[in-house]
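Chemist: As input, take final05.txt (compact mmCIF, C-alpha atoms (C1' of nucleotides)):
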# COMPACT_ATOMS: atom_id res chain seq x y z
CA MET A 798 89.76 -4.39 -93.02
CA SER A 799 87.96 -1.20 -93.90
CA THR A 800 88.19 1.84 -91.65
CA ARG A 801 84.56 1.34 -90.77
CA ASP A 802 85.21 -2.22 -89.60
CA THR A 803 88.31 -1.14 -87.71
CA VAL A 804 86.25 1.38 -85.79
CA LEU A 805 83.50 -1.13 -85.10
CA ALA A 806 85.95 -3.70 -83.80
CA ALA A 807 87.70 -1.19 -81.56
CA ALA A 808 84.38 0.08 -80.25
CA GLN A 809 83.18 -3.43 -79.44
CA ARG A 810 86.36 -4.20 -77.57
CA LEU A 811 86.42 -0.92 -75.68
CA LEU A 812 82.74 -0.68 -74.82
CA ALA A 813 82.82 -4.20 -73.44
CA THR A 814 84.78 -2.94 -70.45
CA ASP A 815 83.53 0.64 -70.39
CA PRO A 816 80.16 1.26 -72.01
CA THR A 817 80.52 4.98 -71.41
CA ALA A 818 83.83 5.39 -73.20
CA PRO A 819 83.73 8.69 -75.14
CA MET A 820 83.98 8.81 -78.91
CA ALA A 821 87.48 10.27 -78.66
CA GLU A 822 88.69 7.14 -76.87
CA ILE A 823 87.01 4.87 -79.38
CA ALA A 824 88.68 6.79 -82.19
CA ALA A 825 92.05 6.58 -80.46
CA ALA A 826 91.64 2.86 -79.86
CA ALA A 827 90.89 2.41 -83.55
CA GLY A 828 93.95 4.48 -84.45
CA VAL A 829 91.70 6.92 -86.25
CA GLY A 830 90.76 10.57 -85.98
CA ARG A 831 87.64 11.54 -84.13
CA ALA A 832 86.19 13.16 -87.24
CA THR A 833 86.66 9.95 -89.18
CA VAL A 834 84.47 8.06 -86.74
CA HIS A 835 81.73 10.59 -87.36
CA ARG A 836 82.17 10.23 -91.10
CA HIS A 837 81.17 6.58 -90.81
CA PHE A 838 78.69 6.88 -87.97
CA ALA A 839 76.64 10.04 -87.82
CA SER A 840 76.16 9.78 -84.08
CA ARG A 841 77.19 7.70 -81.12
CA GLU A 842 73.77 6.14 -81.16
CA ASP A 843 74.31 5.08 -84.76
CA LEU A 844 77.52 3.35 -83.78
CA LEU A 845 75.89 1.55 -80.86
CA HIS A 846 72.98 0.57 -83.04
CA GLU A 847 75.27 -0.91 -85.64
CA ILE A 848 77.13 -2.89 -82.99
CA GLY A 849 73.82 -4.18 -81.68
CA ARG A 850 72.71 -5.12 -85.18
CA ARG A 851 75.92 -7.02 -85.84
CA SER A 852 75.68 -8.81 -82.52
CA LEU A 853 72.19 -9.98 -83.36
CA ASP A 854 73.37 -11.02 -86.83
CA ARG A 855 76.02 -13.15 -85.24
CA TRP A 856 73.55 -14.65 -82.80
CA ALA A 857 71.21 -15.63 -85.63
CA GLU A 858 74.13 -16.95 -87.65
CA SER A 859 75.34 -19.15 -84.83
CA MET A 860 71.94 -20.72 -84.38
CA THR A 861 71.67 -21.35 -88.10
CA GLU A 862 75.14 -22.87 -88.28
CA ALA A 863 74.42 -25.06 -85.28
CA GLY A 864 71.37 -26.34 -87.14
CA VAL A 865 68.81 -25.40 -84.55
CA ALA A 866 65.86 -25.51 -86.93
CA GLY A 867 66.79 -28.95 -88.22
CA ALA A 868 67.36 -30.36 -84.77
CA VAL A 869 64.02 -29.05 -83.53
CA ALA A 870 62.24 -30.49 -86.56
CA SER A 871 63.93 -33.86 -86.16
CA ALA A 872 62.91 -34.35 -82.53
CA ASP A 873 65.86 -36.74 -82.37
CA PRO A 874 67.50 -36.72 -78.91
CA ALA A 875 71.01 -37.36 -80.20
CA LEU A 876 70.76 -34.69 -82.85
CA ILE A 877 69.27 -32.20 -80.40
CA ARG A 878 72.00 -32.88 -77.90
CA ALA A 879 74.70 -32.43 -80.56
CA CYS A 880 73.08 -29.22 -81.75
CA LEU A 881 72.93 -27.94 -78.18
CA ASP A 882 76.62 -28.63 -77.64
CA ASP A 883 77.49 -26.97 -80.91
CA MET A 884 75.36 -23.92 -80.23
CA ILE A 885 76.74 -23.43 -76.73
CA GLY A 886 80.27 -23.55 -78.08
CA ARG A 887 79.45 -20.91 -80.65
CA PHE A 888 77.76 -18.71 -78.08
CA VAL A 889 80.85 -18.77 -75.87
CA VAL A 890 83.00 -17.64 -78.79
CA ASP A 891 80.45 -15.01 -79.75
CA ALA A 892 80.20 -13.70 -76.20
CA ASP A 893 83.94 -13.20 -76.15
CA GLU A 894 83.86 -11.09 -79.29
CA TYR A 895 80.47 -9.46 -79.01
CA GLY A 896 80.23 -9.40 -75.25
CA ILE A 897 79.03 -5.86 -74.88
CA ALA A 898 75.51 -6.48 -76.02
CA LEU A 899 75.21 -9.05 -73.25
CA THR A 900 74.41 -6.77 -70.38
CA ASP A 901 74.30 -3.27 -71.74
CA PRO A 902 70.88 -1.81 -72.50
CA THR A 903 72.47 1.06 -74.43
CA VAL A 904 73.54 -1.28 -77.22
CA VAL A 905 70.29 -3.04 -77.95
CA ASN A 906 68.44 0.24 -77.69
CA GLY A 907 65.84 0.75 -80.36
CA PRO A 908 62.52 -1.10 -80.28
CA ALA A 909 63.43 -2.75 -83.58
CA LEU A 910 66.56 -4.34 -82.13
CA ARG A 911 64.71 -5.20 -78.96
CA GLU A 912 62.02 -6.96 -80.96
CA ARG A 913 64.54 -8.85 -83.02
CA ALA A 914 66.43 -9.94 -79.92
CA ASP A 915 63.18 -11.24 -78.49
CA ALA A 916 62.48 -13.17 -81.69
CA LEU A 917 65.96 -14.73 -81.64
CA PHE A 918 65.54 -15.69 -78.00
CA ALA A 919 62.21 -17.29 -78.85
CA GLU A 920 63.90 -19.26 -81.61
CA GLU A 921 66.59 -20.39 -79.19
CA VAL A 922 63.93 -21.44 -76.74
CA THR A 923 62.33 -23.72 -79.32
CA LEU A 924 65.50 -25.79 -79.10
CA TYR A 925 65.22 -26.00 -75.33
CA ALA A 926 61.58 -26.97 -75.59
CA ALA A 927 62.41 -29.63 -78.16
CA ALA A 928 65.21 -30.84 -75.90
CA GLN A 929 62.76 -31.11 -73.04
CA ALA A 930 60.31 -33.05 -75.18
CA ALA A 931 63.10 -35.37 -76.30
CA GLY A 932 64.25 -35.99 -72.75
CA VAL A 933 67.56 -34.19 -73.21
CA LEU A 934 66.79 -31.30 -70.87
CA ARG A 935 64.74 -31.42 -67.71
CA SER A 936 61.10 -30.54 -68.06
CA ASP A 937 60.40 -29.33 -64.54
CA VAL A 938 61.64 -25.81 -65.29
CA ALA A 939 60.49 -23.37 -67.96
CA ALA A 940 62.29 -23.63 -71.29
CA ARG A 941 62.77 -19.87 -71.19
CA TRP A 942 64.46 -20.16 -67.81
CA LEU A 943 66.99 -22.51 -69.37
CA GLY A 944 67.67 -19.83 -71.96
CA HIS A 945 68.18 -17.19 -69.31
CA SER A 946 70.46 -19.46 -67.30
CA LEU A 947 72.69 -20.17 -70.30
CA TYR A 948 72.87 -16.45 -70.89
CA GLY A 949 73.87 -16.00 -67.26
CA LEU A 950 76.65 -18.51 -67.70
CA LEU A 951 77.96 -16.49 -70.63
CA VAL A 952 78.13 -13.49 -68.32
CA ALA A 953 79.93 -15.71 -65.83
CA VAL A 954 82.47 -16.69 -68.49
CA ARG A 955 83.19 -13.08 -69.26
CA ASP A 956 83.68 -12.24 -65.59
CA ALA A 957 85.81 -15.33 -65.00
CA LEU A 958 88.00 -14.50 -67.98
CA VAL A 959 88.44 -10.91 -66.87
CA ALA A 960 89.35 -12.13 -63.38
CA GLY A 961 91.74 -14.65 -64.86
CA ASP A 962 90.00 -17.53 -63.09
CA ILE A 963 89.60 -19.75 -66.14
CA ALA A 964 91.50 -20.29 -69.36
CA ALA A 965 89.87 -19.19 -72.59
CA ARG A 966 90.32 -22.66 -74.08
CA ASP A 967 88.37 -24.23 -71.22
CA ALA A 968 85.43 -21.87 -71.47
CA GLN A 969 83.30 -23.86 -73.89
CA ASP A 970 83.48 -27.14 -71.99
CA LEU A 971 83.00 -25.35 -68.71
CA VAL A 972 79.78 -23.73 -69.88
CA ARG A 973 78.47 -26.93 -71.48
CA SER A 974 79.23 -28.97 -68.42
CA THR A 975 77.91 -26.43 -65.92
CA PHE A 976 74.79 -25.73 -67.93
CA LEU A 977 73.93 -29.40 -68.28
CA GLU A 978 75.24 -31.00 -65.11
CA GLY A 979 75.37 -28.13 -62.64
CA GLY A 980 77.84 -27.83 -59.80
CA ALA A 981 76.86 -30.67 -57.47
CA ALA A 982 79.12 -33.64 -57.01
CA ARG A 983 77.98 -36.93 -58.51
CA MET B 284 62.48 5.78 -43.92
CA SER B 285 64.74 8.80 -43.92
CA THR B 286 65.06 10.92 -47.02
CA ARG B 287 68.60 9.70 -47.38
CA ASP B 288 67.46 6.09 -47.44
CA THR B 289 64.65 6.89 -49.85
CA VAL B 290 67.15 8.37 -52.26
CA LEU B 291 69.49 5.43 -51.88
CA ALA B 292 66.74 2.92 -52.53
CA ALA B 293 65.51 4.77 -55.60
CA ALA B 294 69.03 5.13 -56.92
CA GLN B 295 69.73 1.43 -56.44
CA ARG B 296 66.58 0.50 -58.30
CA LEU B 297 67.17 2.95 -61.12
CA LEU B 298 70.89 2.46 -61.59
CA ALA B 299 70.45 -1.30 -61.72
CA THR B 300 68.82 -0.93 -65.12
CA ASP B 301 70.56 2.26 -66.26
CA PRO B 302 73.89 3.03 -64.59
CA THR B 303 74.08 6.34 -66.43
CA ALA B 304 70.77 7.71 -65.20
CA PRO B 305 71.26 11.42 -64.40
CA MET B 306 70.84 12.80 -60.90
CA ALA B 307 67.62 14.52 -61.92
CA GLU B 308 66.03 11.17 -62.74
CA ILE B 309 67.24 9.65 -59.51
CA ALA B 310 65.73 12.57 -57.59
CA ALA B 311 62.46 12.24 -59.47
CA ALA B 312 62.34 8.51 -58.85
CA ALA B 313 62.84 9.19 -55.16
CA GLY B 314 60.09 11.80 -55.23
CA VAL B 315 62.58 14.38 -54.07
CA GLY B 316 64.10 17.59 -55.36
CA ARG B 317 67.43 17.48 -57.12
CA ALA B 318 68.95 19.83 -54.57
CA THR B 319 67.91 17.50 -51.76
CA VAL B 320 69.89 14.67 -53.29
CA HIS B 321 72.95 16.88 -53.26
CA ARG B 322 72.30 17.82 -49.65
CA HIS B 323 72.74 14.17 -48.70
CA PHE B 324 75.37 13.22 -51.24
CA ALA B 325 77.89 15.88 -52.18
CA SER B 326 78.50 14.36 -55.59
CA ARG B 327 77.27 11.63 -57.85
CA GLU B 328 80.39 9.68 -57.05
CA ASP B 329 79.54 9.90 -53.36
CA LEU B 330 76.14 8.41 -54.05
CA LEU B 331 77.54 5.60 -56.14
CA HIS B 332 80.18 4.88 -53.56
CA GLU B 333 77.58 4.66 -50.82
CA ILE B 334 75.47 2.28 -52.88
CA GLY B 335 78.49 0.12 -53.51
CA ARG B 336 79.39 0.15 -49.84
CA ARG B 337 75.88 -0.88 -48.79
CA SER B 338 75.73 -3.62 -51.37
CA LEU B 339 78.99 -5.05 -50.13
CA ASP B 340 77.72 -4.74 -46.55
CA ARG B 341 74.69 -6.77 -47.47
CA TRP B 342 76.79 -9.35 -49.26
CA ALA B 343 79.00 -9.79 -46.20
CA GLU B 344 75.96 -9.89 -43.94
CA SER B 345 74.30 -12.61 -45.98
CA MET B 346 77.39 -14.79 -45.80
CA THR B 347 77.64 -14.27 -42.08
CA GLU B 348 73.97 -15.04 -41.50
CA ALA B 349 74.21 -18.13 -43.64
CA GLY B 350 77.06 -19.26 -41.38
CA VAL B 351 79.66 -19.63 -44.09
CA ALA B 352 82.62 -19.47 -41.72
CA GLY B 353 81.16 -22.12 -39.42
CA ALA B 354 80.26 -24.44 -42.27
CA VAL B 355 83.73 -24.16 -43.76
CA ALA B 356 85.34 -24.85 -40.38
CA SER B 357 83.10 -27.83 -39.74
CA ALA B 358 83.91 -29.61 -42.99
CA ASP B 359 80.60 -31.38 -42.47
CA PRO B 360 78.89 -32.21 -45.80
CA ALA B 361 75.35 -31.80 -44.45
CA LEU B 362 76.13 -28.50 -42.79
CA ILE B 363 77.93 -27.21 -45.86
CA ARG B 364 75.04 -28.18 -48.08
CA ALA B 365 72.56 -26.45 -45.79
CA CYS B 366 74.72 -23.36 -45.64
CA LEU B 367 74.98 -23.32 -49.43
CA ASP B 368 71.21 -23.53 -49.81
CA ASP B 369 70.73 -20.80 -47.25
CA MET B 370 73.31 -18.52 -48.83
CA ILE B 371 71.93 -18.94 -52.34
CA GLY B 372 68.47 -18.02 -51.10
CA ARG B 373 69.81 -14.90 -49.46
CA PHE B 374 71.75 -13.94 -52.58
CA VAL B 375 68.64 -14.18 -54.71
CA VAL B 376 66.80 -11.85 -52.35
CA ASP B 377 69.78 -9.50 -52.19
CA ALA B 378 70.13 -9.41 -55.96
CA ASP B 379 66.49 -8.47 -56.25
CA GLU B 380 66.82 -5.59 -53.81
CA TYR B 381 70.33 -4.42 -54.41
CA GLY B 382 70.61 -5.03 -58.11
CA ILE B 383 73.47 -6.88 -59.64
CA ALA B 384 75.65 -3.83 -59.76
CA LEU B 385 78.48 -5.61 -58.04
CA THR B 386 80.55 -5.99 -61.18
CA ASP B 387 79.55 -2.71 -62.75
CA PRO B 388 82.62 -0.47 -62.79
CA THR B 389 80.46 2.62 -62.37
CA VAL B 390 79.19 1.40 -59.00
CA VAL B 391 82.14 -0.46 -57.59
CA ASN B 392 84.48 2.32 -58.61
CA GLY B 393 87.13 3.03 -56.06
CA PRO B 394 90.02 0.64 -55.48
CA ALA B 395 88.89 0.26 -51.87
CA LEU B 396 85.49 -1.10 -52.90
CA ARG B 397 87.08 -3.22 -55.60
CA GLU B 398 89.44 -4.72 -53.07
CA ARG B 399 86.68 -5.43 -50.60
CA ALA B 400 84.54 -7.05 -53.29
CA ASP B 401 87.47 -9.29 -54.16
CA ALA B 402 87.89 -10.22 -50.51
CA LEU B 403 84.21 -11.09 -50.16
CA PHE B 404 84.32 -13.18 -53.29
CA ALA B 405 87.35 -14.99 -51.91
CA GLU B 406 85.44 -15.68 -48.70
CA GLU B 407 82.51 -17.02 -50.71
CA VAL B 408 84.88 -19.23 -52.64
CA THR B 409 86.15 -20.80 -49.42
CA LEU B 410 82.68 -22.27 -49.04
CA TYR B 411 82.80 -23.72 -52.55
CA ALA B 412 86.24 -25.14 -51.90
CA ALA B 413 85.05 -26.67 -48.62
CA ALA B 414 82.03 -28.05 -50.44
CA GLN B 415 84.31 -29.62 -53.00
CA ALA B 416 86.48 -31.16 -50.30
CA ALA B 417 83.37 -32.49 -48.56
CA GLY B 418 82.03 -34.03 -51.76
CA VAL B 419 79.09 -31.64 -51.97
CA LEU B 420 80.24 -29.81 -55.09
CA ARG B 421 82.16 -31.30 -58.00
CA SER B 422 85.92 -30.94 -57.86
CA ASP B 423 86.70 -31.03 -61.56
CA VAL B 424 86.07 -27.32 -62.00
CA ALA B 425 87.69 -24.37 -60.25
CA ALA B 426 85.96 -23.25 -57.05
CA ARG B 427 86.11 -19.69 -58.34
CA TRP B 428 84.29 -20.75 -61.51
CA LEU B 429 81.45 -22.04 -59.33
CA GLY B 430 81.29 -18.58 -57.78
CA HIS B 431 81.12 -16.88 -61.14
CA SER B 432 78.47 -19.28 -62.37
CA LEU B 433 76.24 -18.61 -59.36
CA TYR B 434 76.61 -14.91 -60.02
CA GLY B 435 75.64 -15.55 -63.63
CA LEU B 436 72.50 -17.31 -62.47
CA LEU B 437 71.62 -14.24 -60.40
CA VAL B 438 71.86 -12.20 -63.58
CA ALA B 439 69.65 -14.80 -65.24
CA VAL B 440 67.07 -14.40 -62.47
CA ARG B 441 66.95 -10.66 -62.95
CA ASP B 442 66.47 -11.03 -66.70
CA ALA B 443 63.88 -13.76 -66.30
CA LEU B 444 61.94 -11.67 -63.80
CA VAL B 445 62.05 -8.61 -66.04
CA ALA B 446 60.86 -10.73 -68.97
CA GLY B 447 58.14 -12.23 -66.81
CA ASP B 448 59.37 -15.75 -67.50
CA ILE B 449 59.49 -16.88 -63.89
CA ALA B 450 57.63 -16.02 -60.72
CA ALA B 451 59.52 -14.21 -57.97
CA ARG B 452 58.57 -16.85 -55.43
CA ASP B 453 60.15 -19.58 -57.58
CA ALA B 454 63.44 -17.76 -58.04
CA GLN B 455 65.29 -19.18 -55.05
CA ASP B 456 64.52 -22.83 -55.78
CA LEU B 457 65.19 -22.29 -59.46
CA VAL B 458 68.65 -20.95 -58.80
CA ARG B 459 69.48 -23.63 -56.21
CA SER B 460 68.30 -26.39 -58.48
CA THR B 461 69.95 -25.04 -61.62
CA PHE B 462 73.19 -24.24 -59.87
CA LEU B 463 73.44 -27.70 -58.33
CA GLU B 464 71.79 -29.99 -60.85
CA GLY B 465 72.08 -28.11 -64.13
CA GLY B 466 69.60 -28.33 -66.97
CA ALA B 467 70.05 -31.88 -68.25
CA ALA B 468 67.29 -34.42 -67.80
CA ARG B 469 67.90 -37.15 -65.23
C1' DC C 300 53.26 30.98 -31.30
C1' DT C 301 58.30 30.84 -32.50
C1' DC C 302 62.06 28.99 -34.30
C1' DA C 303 65.10 25.57 -36.32
C1' DT C 304 65.46 22.16 -39.75
C1' DA C 305 64.56 20.10 -44.03
C1' DT C 306 62.68 20.60 -48.28
C1' DG C 307 61.11 22.05 -53.38
C1' DA C 308 61.71 24.98 -57.02
C1' DG C 309 64.42 27.33 -59.77
C1' DA C 310 68.47 30.14 -61.38
C1' DC C 311 73.31 29.96 -62.33
C1' DA C 312 77.97 28.83 -64.03
C1' DG C 313 81.31 25.27 -65.12
C1' DT C 314 82.46 21.09 -67.58
C1' DG C 315 82.91 17.60 -70.79
C1' DA C 316 81.34 15.29 -74.65
C1' DA C 317 78.89 15.28 -79.16
C1' DG C 318 78.54 16.77 -83.55
C1' DT C 319 79.86 20.08 -87.44
C1' DC C 320 83.02 22.25 -90.20
C1' DT C 321 87.31 23.70 -92.49
C1' DC C 322 91.82 22.94 -94.17
C1' DA C 323 95.88 20.56 -95.38
C1' DC C 324 97.80 16.11 -96.51
C1' DT C 325 98.18 11.51 -98.70
C1' DA C 326 97.30 7.70 -101.77
C1' DG C 327 95.72 5.91 -105.82
C1' DG C 328 93.57 6.06 -110.44
C1' DA C 329 92.83 8.39 -115.00
C1' DT D 1237 100.53 15.25 -114.02
C1' DC D 1238 95.97 16.03 -112.28
C1' DC D 1239 92.09 14.80 -109.77
C1' DT D 1240 89.32 12.52 -106.44
C1' DA D 1241 88.31 10.16 -102.20
C1' DG D 1242 89.51 9.48 -97.64
C1' DT D 1243 91.82 11.06 -93.77
C1' DG D 1244 93.99 13.77 -89.39
C1' DA D 1245 94.06 17.74 -86.86
C1' DG D 1246 91.92 21.17 -84.81
C1' DA D 1247 88.50 25.02 -84.06
C1' DC D 1248 83.95 25.74 -83.01
C1' DT D 1249 79.03 25.42 -81.35
C1' DT D 1250 75.62 23.14 -78.92
C1' DC D 1251 73.89 20.60 -75.26
C1' DA D 1252 73.16 17.81 -71.20
C1' DC D 1253 74.59 17.13 -66.76
C1' DT D 1254 76.74 18.45 -62.51
C1' DG D 1255 77.27 21.07 -58.49
C1' DT D 1256 76.18 25.52 -56.01
C1' DC D 1257 73.28 28.87 -54.53
C1' DT D 1258 69.06 31.46 -53.06
C1' DC D 1259 64.49 31.89 -51.47
C1' DA D 1260 59.96 30.56 -50.15
C1' DT D 1261 57.55 26.97 -47.75
C1' DA D 1262 56.29 23.24 -44.61
C1' DT D 1263 56.83 20.61 -40.55
C1' DG D 1264 57.74 19.57 -35.90
C1' DA D 1265 59.75 20.68 -31.24
C1' DG D 1266 59.76 23.73 -27.56
Would you mind writing the file out in structure tokens?

Modeler:
Amino acid sequence: MSTRDTVLAAAQRLLATDPTAPMAEIAAAAGVGRATVHRHFASREDLLHEIGRRSLDRWAESMTEAGVAGAVASADPALIRACLDDMIGRFVVDADEYGIALTDPTVVNGPALRERADALFAEEVTLYAAAQAAGVLRSDVAARWLGHSLYGLLVAVRDALVAGDIAARDAQDLVRSTFLEGGAAR
Amino acid sequence: MSTRDTVLAAAQRLLATDPTAPMAEIAAAAGVGRATVHRHFASREDLLHEIGRRSLDRWAESMTEAGVAGAVASADPALIRACLDDMIGRFVVDADEYGIALTDPTVVNGPALRERADALFAEEVTLYAAAQAAGVLRSDVAARWLGHSLYGLLVAVRDALVAGDIAARDAQDLVRSTFLEGGAAR
DNA sequence: CTCATATGAGACAGTGAAGTCTCACTAGGA
DNA sequence: TCCTAGTGAGACTTCACTGTCTCATATGAG
């Protein structure tokens, strides 16, 4: 792994728990001199921006790999449901690695990133809308609300993992099950 | 409203979206001089601590008013369900007014606040556990996970409101319904 | 009116982090 | 061997924020 990637990885890990961690700490966590960090990222903002960009890349990638576009186009309930399960699983993994961007406004800072995040969310919502049309998801709530609620569950996973209340291997099924079936007894 | 309360309210509102907002911005948002803020709160940490304390107060108050202790003691499914609905509604209102700062390390900073937050969460979880025992909530997931997922939905509400995707008056029912029934079609 | 209290505005110094720069060292290729 | 690129360490400047202070002003009670 290149020095640049080492720094990025360390920064992602560190900033997830402390978004205000100074550059010196990030450098130390990466096992690198402070000057070296600045050789690869002109400013702190540059570093944050790059993390945000990568997070969005991963988000887009996960939707592509889950076959969101195809599932939406198919309008097939079984395919949509499978795509949904797949995508949720990928999101849980992503959130674990790229979790910072979840709640921190300092990461997705620029208007360009903001706009791209909105576009990705809109793409994600097309799946929810298709799922509603196909009878997979309920239609009495806004498709965008379903998107927000899944996002909220990803935040919940992070908190639960930090608190040690769930096992990492259970996270995916927990989110899928809670997102789809809720918490009420059957 | 006293100047002190004005500052606190402004700080809560501002710090909910930007926990690093400088004192000058907080003062400006409160329509007050920077020196005045320092007259009421010796340091920034004091201010944050007070916000954290008040938020936890409100949390505790909401659980008391919802009758959590009584519902748990009763073990009555109907009462527990009513208490749950009541509590969720209060939490949605609280989250709107007090921000979601309860997991932000910059707000809940001291070990004392941290400990109290843990205790309150534990108290909340007793309701989920009682609900599981009474057949109101599903028992195949950890009670603490249910707590985290509700918190996640509160985050979702905030985001959805900011994005303009839901109406404030729908928030309570949306959270109740999503928390209990999930997003799958019936 | 008089006075006490609270405030706004602004000046001030201290602090910590960001960013720049230099210099010496190391590894690897020509 | 020599040279180049990348690095660590550290000095240094700049800057934003914090916290303190002073002084003039407003407001309300007596």

Chemist: Which residues, written as a PyMOL selection string, have at least one atom at most 12 Å from stretch 321-328 of chain C, with only C-alpha atoms (C1' of nucleotides) counted and residues fewer than 3 positions away on the same chain left out?

Modeler: (chain A and resi 832) or (chain D and resi 1238-1248)

Chemist: What residues in chain A have any atom no more than 7 Å from chain B when counting only C-alpha atoms, and can you write them as a list in words?

Modeler: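 Putting it all together, I get Gly932, Val933, Leu934, Arg935, Arg941, Trp942, Leu943, His945, Ser946, Tyr948, Gly949, Leu950, Val952, Ala953, Asp956, Ala957, Asp962, Thr975, Phe976, Leu977, Glu978, Gly979, Gly980, Ala981 and Ala982 of chain A.
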
Chemist: Keeping only C-alpha atoms, write the selected residues as a PDB file, in the frame of the given file.

Modeler:
ATOM      1  CA  GLY A 932      64.250 -35.990 -72.750  1.00  0.00           C
ATOM      2  CA  VAL A 933      67.560 -34.190 -73.210  1.00  0.00           C
ATOM      3  CA  LEU A 934      66.790 -31.300 -70.870  1.00  0.00           C
ATOM      4  CA  ARG A 935      64.740 -31.420 -67.710  1.00  0.00           C
ATOM      5  CA  ARG A 941      62.770 -19.870 -71.190  1.00  0.00           C
ATOM      6  CA  TRP A 942      64.460 -20.160 -67.810  1.00  0.00           C
ATOM      7  CA  LEU A 943      66.990 -22.510 -69.370  1.00  0.00           C
ATOM      8  CA  HIS A 945      68.180 -17.190 -69.310  1.00  0.00           C
ATOM      9  CA  SER A 946      70.460 -19.460 -67.300  1.00  0.00           C
ATOM     10  CA  TYR A 948      72.870 -16.450 -70.890  1.00  0.00           C
ATOM     11  CA  GLY A 949      73.870 -16.000 -67.260  1.00  0.00           C
ATOM     12  CA  LEU A 950      76.650 -18.510 -67.700  1.00  0.00           C
ATOM     13  CA  VAL A 952      78.130 -13.490 -68.320  1.00  0.00           C
ATOM     14  CA  ALA A 953      79.930 -15.710 -65.830  1.00  0.00           C
ATOM     15  CA  ASP A 956      83.680 -12.240 -65.590  1.00  0.00           C
ATOM     16  CA  ALA A 957      85.810 -15.330 -65.000  1.00  0.00           C
ATOM     17  CA  ASP A 962      90.000 -17.530 -63.090  1.00  0.00           C
ATOM     18  CA  THR A 975      77.910 -26.430 -65.920  1.00  0.00           C
ATOM     19  CA  PHE A 976      74.790 -25.730 -67.930  1.00  0.00           C
ATOM     20  CA  LEU A 977      73.930 -29.400 -68.280  1.00  0.00           C
ATOM     21  CA  GLU A 978      75.240 -31.000 -65.110  1.00  0.00           C
ATOM     22  CA  GLY A 979      75.370 -28.130 -62.640  1.00  0.00           C
ATOM     23  CA  GLY A 980      77.840 -27.830 -59.800  1.00  0.00           C
ATOM     24  CA  ALA A 981      76.860 -30.670 -57.470  1.00  0.00           C
ATOM     25  CA  ALA A 982      79.120 -33.640 -57.010  1.00  0.00           C
TER      26      ALA A 982
END

Chemist: Can I get the residues of chain B within 8 Å of chain D, each with the closest pair of atoms and their distance in Å to one decimal, using all atoms listed in the file, sorted chain first then ascending number, as JSON lines?

Modeler:
{"residue": "B:Pro305", "atom": "CA", "partner": "D:DC1253", "partner_atom": "C1'", "distance": 7.0}
{"residue": "B:His321", "atom": "CA", "partner": "D:DG1255", "partner_atom": "C1'", "distance": 8.0}
{"residue": "B:Ser326", "atom": "CA", "partner": "D:DG1255", "partner_atom": "C1'", "distance": 7.4}

Chemist: State, in Å with one decimal place, the distance from atom CA of B:Leu339 to atom CA of B:Ala299.

Modeler: 14.9 Å

Chemist: Select residues of chain C: the criterion is any atom within 9 Å of an atom of chain B, counting only C-alpha atoms (C1' of nucleotides); output as a list in words.

Modeler: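 Residues satisfying the distance criterion: DA305, DT306, DG307 and DA308 of chain C.
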
Chemist: Would you mind reading off the distance between atom CA of B:Leu410 and atom CA of B:Asp340, one decimal, in Å?

Modeler: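 According to the coordinates, atom CA of B:Leu410 and atom CA of B:Asp340 are separated by 18.4 Å.
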
Chemist: Report the distance between atom CA of B:Ala412 and atom CA of B:Ala361 in Å, rounded to one decimal place.

Modeler: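 It comes out at 14.8 Å.
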
Chemist: Hey, what's within 10 Å of B:Ala343 if we count only C-alpha atoms (C1' of nucleotides) and toss same-chain stuff fewer than 4 positions away? As a PyMOL selection string, please?

Modeler: chain B and resi 337-339+347-349+399-400+402-404+406-407

Chemist: Enclose the full set of atoms of stretch 417-420 of chain B listed in the file within a box whose edges lie along x, y and z, apply 8 Å of padding to each of the six sides, and report centre and edge lengths in Å to one decimal as AutoDock Vina command-line options.

Modeler:
--center_x 81.2 --center_y -31.9 --center_z -51.8 --size_x 20.3 --size_y 20.2 --size_z 22.5

Chemist: Might you pull out every residue within 8 Å of A:Ile885, with only C-alpha atoms (C1' of nucleotides) counted and same-chain residues fewer than 3 positions away left off, and present them as a list in words?

Modeler: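 My list of contacting residues is Leu881, Asp882, Phe888, Val889, Gln969, Val972 and Arg973 of chain A.
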
Chemist: Which residues come within 10 Å of A:Asn906, counting all atoms listed in the file, excluding same-chain residues fewer than 5 positions away, as a list in words?

Modeler: Glu842, Leu845, His846, Gly849, Ala898, Asp901 and Arg911 of chain A

Chemist: In file coordinates, which residues lie within 9 Å of (79.0, 15.2, -81.4) using only C-alpha atoms (C1' of nucleotides), given as a list of chain:residue names?

Modeler: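 The answer, in the requested form, is A:Met820, A:His835, A:Ala839, A:Ser840, A:Arg841, C:DA316, C:DA317, C:DG318, C:DT319, D:DT1250.
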